[in-house]
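Chemist: First, the structure itself, so that you have it in front of you.
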Amino acid sequence: MIGQEEVTSVVNIVDQIIHKALELRASDIHFEPLEDELRVRFRVDGILQDSAVVHESLKKKVISRLKVLSHIDITQHRIPQDGKFVLKTAHGASIDMRVSTFPSLHGEKMVVRILDKTRMKIELEELGFSNQMLQEFKRLVNKPQGFFIVTGPTGSGKTTTLYAALALLNSPNKNIVTLEDPVEYNIDGITQGYINQATGFTFSRGIKSLLRQDPDIIMIGEIRDPESARIAIEAAMTGHLVLSTLHTNDAPSAIVRLMDMGIEPFLINASVTGVLAQRLIRKVCDECKRLCDTSPEEDQFLKQRFQGVSIEQVYRGDGCTACMGTGFRKRVGIFELLVMNDKLSSHINEHPKLDAIRSQAQNDGMASLASDGLEKVQSGDLCISELMRVLV
C-alpha cells in the first residue's frame, strides 16, 4: 500500500509511479479511483497489469498533482479534460505524456499515455514483416501516386507502421505533409499538422488545406467520414501518394467499408493500391522460453483455423526477471497485405460481399493474419495461446 503515511510526498509518489512505468516500458498508466483507494495499472505489451494502490487519503492529491503538471483545471471534476506535459529524463531525453480525465462514481479516472520517442520503431525491418511481404509493401508505398490503407483495431500499431513508411520515403526532394490527431512523434524533415476540433479544424477541412501545400506525399491519421474518404481518393487520383488508416478487422473489410461510405467501386479501383491489416502480439520471452506440448484447446484451435496443420510442440515462456514473470517480452506484428489487381478490381465493380473479396484476394496470394501468425508460432516467436487471444 503506497502513501498511508502523510510524510510521503505526493510529488514523490507520482514520480515513482511514472518512473516505474518507464522502467517497465509501459505505454499507458491508469489511475482508477475505487471506493477506498486509487488503483494504479500499467499497460505493458498491450496488457494491463496491476502496479500499486494509493491510500484513500492521497487519492485526490495524486490526481490533482497530475492535473497541475498537465495544465488541466483542478477545480473542474464533472467533465472529461485533456492535457499534456513533457518529462525530462536523467539522460536528457524528452518524453511526451498525454493525459485525459474521465468522471466516475468514486472520482476522476485518469489515463496517462507515454510517448517515448526513444522507443519509437521507425525501421520497417523491425516490425515483423516476412521478407516477401516487406518487399511488396515497400513497392506499394514507393508508388508515385495512389491510396494505401493500413487497417486494424485501436492499439494495433497502425501509426507506427505509417511512421516507418514515412521514414522510408522521407527525402529532400519530396514534400511530405501529415494531418494527425494528435501528432504522436516528430519526424525531422516532414510537415506534421494536427487537428483542432475546438477551432473547427477537422480532418476533412485539414485535407483540403494541405492539398494547397504542394505535397508529394500525404499522410492522414484516419479516414473518419465519407467526405474525408472522398477527398483522400481524389488526391490520390490527381498525382499524390496518400497514406491513411481505417478501423476494420481485416484487409478486405477496408474495401467494403469504403463502399459503405458511399465511395463508388470505380473510384476505389482507380485509387487504392493496397491495404495492410495488422495486429500486435506479445512475443515469447527469449530468456526463459522452452519447448512444450500443445494443449487440447490449442489443438482444437489449430484444427478449426488451419485444417491439416499439426504442431506437437510450441515455445512458451516460464517467466523470469527479464519478462517480469509473464513469459512474454516485447511485441511483434502479424500482417495481411491485400494488393489491388485486375481480377480483384473486376470483383469490386460488381459490389461483392466481403467473403467474395476475401476469397479473390487469397486466390491472388494474400496470406491471412492467421497464417502469418502461424508462421511466427512455427518459428518460435509466438505461442498459440497469444494467437488465440488476438484472433478468436
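Identifiers in the C-alpha cells: chain A, B, ... in order shown; residue index from 1 per chain; ligand index from 1 in order shown.
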Could you pull out all residues of stretch 132-218 of chain A with a DSSP call of strand (DSSP E) and give them as a PyMOL selection string?
Modeler: chain A and resi 146-151+176-180+191-194+217-218
Chemist: Skip A:Ala167 itself and residues of its chain fewer than 5 positions away, then list as JSON, numbers by chain all residues within 9 Å of it, counting only C-alpha atoms.
Modeler: {"A": [122, 123, 124, 162, 187]}
Chemist: Need to verify the contact set: A:Asn249, 8 Å, only C-alpha atoms, exclusion of same-chain residues closer than 6 positions in sequence. Can you return it as an NGL selection string?
Modeler: :A and (151-153 or 277)
Chemist: From the set A:Ala254, A:Ile218, A:Leu246, A:Cys288, which residue has the shortest atom-to-atom contact distance to A:Arg329, counting only C-alpha atoms?
Modeler: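 Distance minimum relative to A:Arg329 lands on A:Cys288.
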Chemist: With a distance cut-off of 7 Å and only C-alpha atoms, select the neighbouring residues of A:Ile281, excluding the residue or stretch itself and same-chain residues fewer than 4 positions from it, and output the selection as a VMD selection string.
Modeler: chain A and resid 331 to 333 386
Chemist: Go through A:Gln360, A:Gln49, A:Ser345, A:Ser204 and flag the residue nearest A:Val272, using only C-alpha atoms for the distances.
Modeler: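 Selected residue with least distance to A:Val272: A:Ser345.
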Chemist: List the spatial neighbours of A:Val53 as a PyMOL selection string - criterion: any atom at most 12 Å away, only C-alpha atoms, same-chain residues fewer than 2 positions off excluded.
Modeler: chain A and resi 1-4+13-14+17+30-34+36-41+50-51+55-59+62
Chemist: Go ahead and save the picked residues with C-alpha atoms, as a PDB file, in the first residue's frame.
Modeler:
ATOM      1  CA  MET A   1       0.000   0.000   0.000  1.00  0.00           C
ATOM      2  CA  ILE A   2       1.564   3.297  -1.114  1.00  0.00           C
ATOM      3  CA  GLY A   3       1.095   6.503   0.826  1.00  0.00           C
ATOM      4  CA  GLN A   4      -0.545   5.523   4.116  1.00  0.00           C
ATOM      5  CA  ILE A  13       4.516   9.113  -5.267  1.00  0.00           C
ATOM      6  CA  VAL A  14       3.702  10.442  -8.735  1.00  0.00           C
ATOM      7  CA  ILE A  17       4.807   5.664 -10.478  1.00  0.00           C
ATOM      8  CA  HIS A  30      -4.213   4.066 -15.482  1.00  0.00           C
ATOM      9  CA  PHE A  31      -5.205   5.840 -12.256  1.00  0.00           C
ATOM     10  CA  GLU A  32      -8.544   4.297 -11.260  1.00  0.00           C
ATOM     11  CA  PRO A  33     -10.455   5.617  -8.212  1.00  0.00           C
ATOM     12  CA  LEU A  34     -12.136   2.897  -6.174  1.00  0.00           C
ATOM     13  CA  ASP A  36     -11.359   3.253  -0.584  1.00  0.00           C
ATOM     14  CA  GLU A  37      -8.234   3.636  -2.731  1.00  0.00           C
ATOM     15  CA  LEU A  38      -6.691   4.633  -6.026  1.00  0.00           C
ATOM     16  CA  ARG A  39      -5.640   1.663  -8.143  1.00  0.00           C
ATOM     17  CA  VAL A  40      -2.674   2.133 -10.482  1.00  0.00           C
ATOM     18  CA  ARG A  41      -2.208  -0.115 -13.505  1.00  0.00           C
ATOM     19  CA  ASP A  50      -1.704  -4.089 -11.524  1.00  0.00           C
ATOM     20  CA  SER A  51       1.108  -1.952 -10.185  1.00  0.00           C
ATOM     21  CA  HIS A  55      -4.296   5.220   0.013  1.00  0.00           C
ATOM     22  CA  GLU A  56      -7.689   6.966   0.106  1.00  0.00           C
ATOM     23  CA  SER A  57      -6.215   9.971   1.931  1.00  0.00           C
ATOM     24  CA  LEU A  58      -3.950  10.747  -1.033  1.00  0.00           C
ATOM     25  CA  LYS A  59      -6.265   9.738  -3.884  1.00  0.00           C
ATOM     26  CA  VAL A  62      -2.337  12.398  -6.716  1.00  0.00           C
TER      27      VAL A  62
END
Chemist: Suppose you want the space between atom CA of A:Phe85 and atom CA of A:Gln16; what is it in Å?
Modeler: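 Atom-to-atom, atom CA of A:Phe85 and atom CA of A:Gln16 are spaced 16.4 Å apart.
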Chemist: Can you tell me which residues surround A:Val86 at a distance of at most 10 Å, considering only C-alpha atoms, apart from same-chain residues fewer than 4 positions away, and format the answer as a PyMOL selection string?
Modeler: chain A and resi 69-70+93-98+114-115
Chemist: Smallest atom-to-atom distance to A:Cys285: which of A:Gly317, A:Gly308, A:Gly92, A:Pro182, using only C-alpha atoms?
Modeler: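 Nearest candidate to A:Cys285 out of A:Gly317, A:Gly308, A:Gly92, A:Pro182: A:Gly317.
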Chemist: In Å, how far is it from atom CA of A:Phe335 to atom CA of A:Gln278?
Modeler: 4.5 Å
Chemist: Excluding same-chain residues fewer than 2 positions from stretch 373-383 of chain A, what lies within 10 Å of it counting only C-alpha atoms, as an MDAnalysis selection string?
Modeler: chainID A and resid 128 130 279 281:286 289:291 294 298 302 305:306 309 311 313:317 328 331:336 367:371 385:388 390:391
Chemist: May I have all residues of stretch 234-313 of chain A that DSSP, computed from the backbone, assigns to alpha helix (DSSP H), given as a PyMOL selection string?
Modeler: chain A and resi 234-237+251-260+265-271+296-305
Chemist: Could the residues in this selection be written to a file with N, CA and C atoms, as an mmCIF file, in the first residue's frame?
Modeler:
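So out04.cif came out as:
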data_model
loop_
_atom_site.group_PDB
_atom_site.id
_atom_site.type_symbol
_atom_site.label_atom_id
_atom_site.label_comp_id
_atom_site.auth_asym_id
_atom_site.auth_seq_id
_atom_site.Cartn_x
_atom_site.Cartn_y
_atom_site.Cartn_z
ATOM 1 N N GLU A 234 -9.645 11.505 -54.177
ATOM 2 C CA GLU A 234 -9.422 12.486 -55.245
ATOM 3 C C GLU A 234 -7.972 12.936 -55.277
ATOM 4 N N ALA A 235 -7.361 13.096 -54.090
ATOM 5 C CA ALA A 235 -5.942 13.476 -54.033
ATOM 6 C C ALA A 235 -5.066 12.381 -54.636
ATOM 7 N N ALA A 236 -5.405 11.118 -54.342
ATOM 8 C CA ALA A 236 -4.631 10.004 -54.890
ATOM 9 C C ALA A 236 -4.750 9.922 -56.402
ATOM 10 N N MET A 237 -5.890 10.369 -56.936
ATOM 11 C CA MET A 237 -6.112 10.300 -58.382
ATOM 12 C C MET A 237 -5.536 11.486 -59.132
ATOM 13 N N ALA A 251 -8.048 -6.815 -44.041
ATOM 14 C CA ALA A 251 -7.805 -6.008 -45.237
ATOM 15 C C ALA A 251 -9.004 -5.953 -46.184
ATOM 16 N N PRO A 252 -9.646 -7.078 -46.521
ATOM 17 C CA PRO A 252 -10.816 -6.996 -47.410
ATOM 18 C C PRO A 252 -11.939 -6.124 -46.845
ATOM 19 N N SER A 253 -12.090 -6.089 -45.523
ATOM 20 C CA SER A 253 -13.146 -5.280 -44.913
ATOM 21 C C SER A 253 -12.958 -3.786 -45.178
ATOM 22 N N ALA A 254 -11.717 -3.355 -45.431
ATOM 23 C CA ALA A 254 -11.478 -1.939 -45.722
ATOM 24 C C ALA A 254 -12.137 -1.538 -47.035
ATOM 25 N N ILE A 255 -12.123 -2.434 -48.021
ATOM 26 C CA ILE A 255 -12.777 -2.154 -49.301
ATOM 27 C C ILE A 255 -14.288 -2.022 -49.102
ATOM 28 N N VAL A 256 -14.854 -2.940 -48.325
ATOM 29 C CA VAL A 256 -16.292 -2.890 -48.039
ATOM 30 C C VAL A 256 -16.638 -1.624 -47.271
ATOM 31 N N ARG A 257 -15.766 -1.243 -46.331
ATOM 32 C CA ARG A 257 -16.006 -0.025 -45.541
ATOM 33 C C ARG A 257 -16.057 1.206 -46.434
ATOM 34 N N LEU A 258 -15.170 1.303 -47.408
ATOM 35 C CA LEU A 258 -15.192 2.440 -48.323
ATOM 36 C C LEU A 258 -16.490 2.470 -49.128
ATOM 37 N N MET A 259 -16.949 1.302 -49.572
ATOM 38 C CA MET A 259 -18.206 1.251 -50.315
ATOM 39 C C MET A 259 -19.383 1.633 -49.413
ATOM 40 N N ASP A 260 -19.316 1.226 -48.140
ATOM 41 C CA ASP A 260 -20.363 1.614 -47.191
ATOM 42 C C ASP A 260 -20.380 3.126 -46.973
ATOM 43 N N PRO A 265 -17.328 1.988 -56.648
ATOM 44 C CA PRO A 265 -16.284 0.996 -56.951
ATOM 45 C C PRO A 265 -15.245 1.481 -57.954
ATOM 46 N N PHE A 266 -15.667 2.242 -58.952
ATOM 47 C CA PHE A 266 -14.682 2.674 -59.958
ATOM 48 C C PHE A 266 -13.656 3.624 -59.346
ATOM 49 N N LEU A 267 -14.049 4.400 -58.318
ATOM 50 C CA LEU A 267 -13.097 5.284 -57.642
ATOM 51 C C LEU A 267 -12.132 4.486 -56.767
ATOM 52 N N ILE A 268 -12.636 3.436 -56.131
ATOM 53 C CA ILE A 268 -11.769 2.570 -55.335
ATOM 54 C C ILE A 268 -10.733 1.906 -56.226
ATOM 55 N N ASN A 269 -11.178 1.383 -57.363
ATOM 56 C CA ASN A 269 -10.259 0.720 -58.287
ATOM 57 C C ASN A 269 -9.237 1.675 -58.875
ATOM 58 N N ALA A 270 -9.641 2.931 -59.054
ATOM 59 C CA ALA A 270 -8.741 3.907 -59.672
ATOM 60 C C ALA A 270 -7.724 4.482 -58.699
ATOM 61 N N SER A 271 -7.951 4.304 -57.406
ATOM 62 C CA SER A 271 -7.089 4.971 -56.420
ATOM 63 C C SER A 271 -6.377 4.016 -55.468
ATOM 64 N N PRO A 296 -4.969 -29.372 -25.363
ATOM 65 C CA PRO A 296 -6.149 -29.758 -26.151
ATOM 66 C C PRO A 296 -6.864 -28.557 -26.764
ATOM 67 N N GLU A 297 -6.917 -27.441 -26.027
ATOM 68 C CA GLU A 297 -7.556 -26.227 -26.564
ATOM 69 C C GLU A 297 -6.794 -25.697 -27.767
ATOM 70 N N GLU A 298 -5.469 -25.741 -27.688
ATOM 71 C CA GLU A 298 -4.654 -25.265 -28.808
ATOM 72 C C GLU A 298 -4.788 -26.193 -30.011
ATOM 73 N N ASP A 299 -4.844 -27.487 -29.752
ATOM 74 C CA ASP A 299 -5.038 -28.444 -30.849
ATOM 75 C C ASP A 299 -6.376 -28.199 -31.547
ATOM 76 N N GLN A 300 -7.417 -27.905 -30.758
ATOM 77 C CA GLN A 300 -8.731 -27.634 -31.336
ATOM 78 C C GLN A 300 -8.704 -26.360 -32.171
ATOM 79 N N PHE A 301 -8.004 -25.338 -31.678
ATOM 80 C CA PHE A 301 -7.872 -24.086 -32.421
ATOM 81 C C PHE A 301 -7.166 -24.319 -33.756
ATOM 82 N N LEU A 302 -6.086 -25.070 -33.734
ATOM 83 C CA LEU A 302 -5.351 -25.364 -34.966
ATOM 84 C C LEU A 302 -6.217 -26.136 -35.950
ATOM 85 N N LYS A 303 -6.994 -27.055 -35.432
ATOM 86 C CA LYS A 303 -7.849 -27.870 -36.292
ATOM 87 C C LYS A 303 -8.917 -27.022 -36.964
ATOM 88 N N GLN A 304 -9.480 -26.080 -36.212
ATOM 89 C CA GLN A 304 -10.551 -25.250 -36.762
ATOM 90 C C GLN A 304 -10.022 -24.193 -37.721
ATOM 91 N N ARG A 305 -8.902 -23.570 -37.367
ATOM 92 C CA ARG A 305 -8.375 -22.474 -38.178
ATOM 93 C C ARG A 305 -7.459 -22.920 -39.305
#
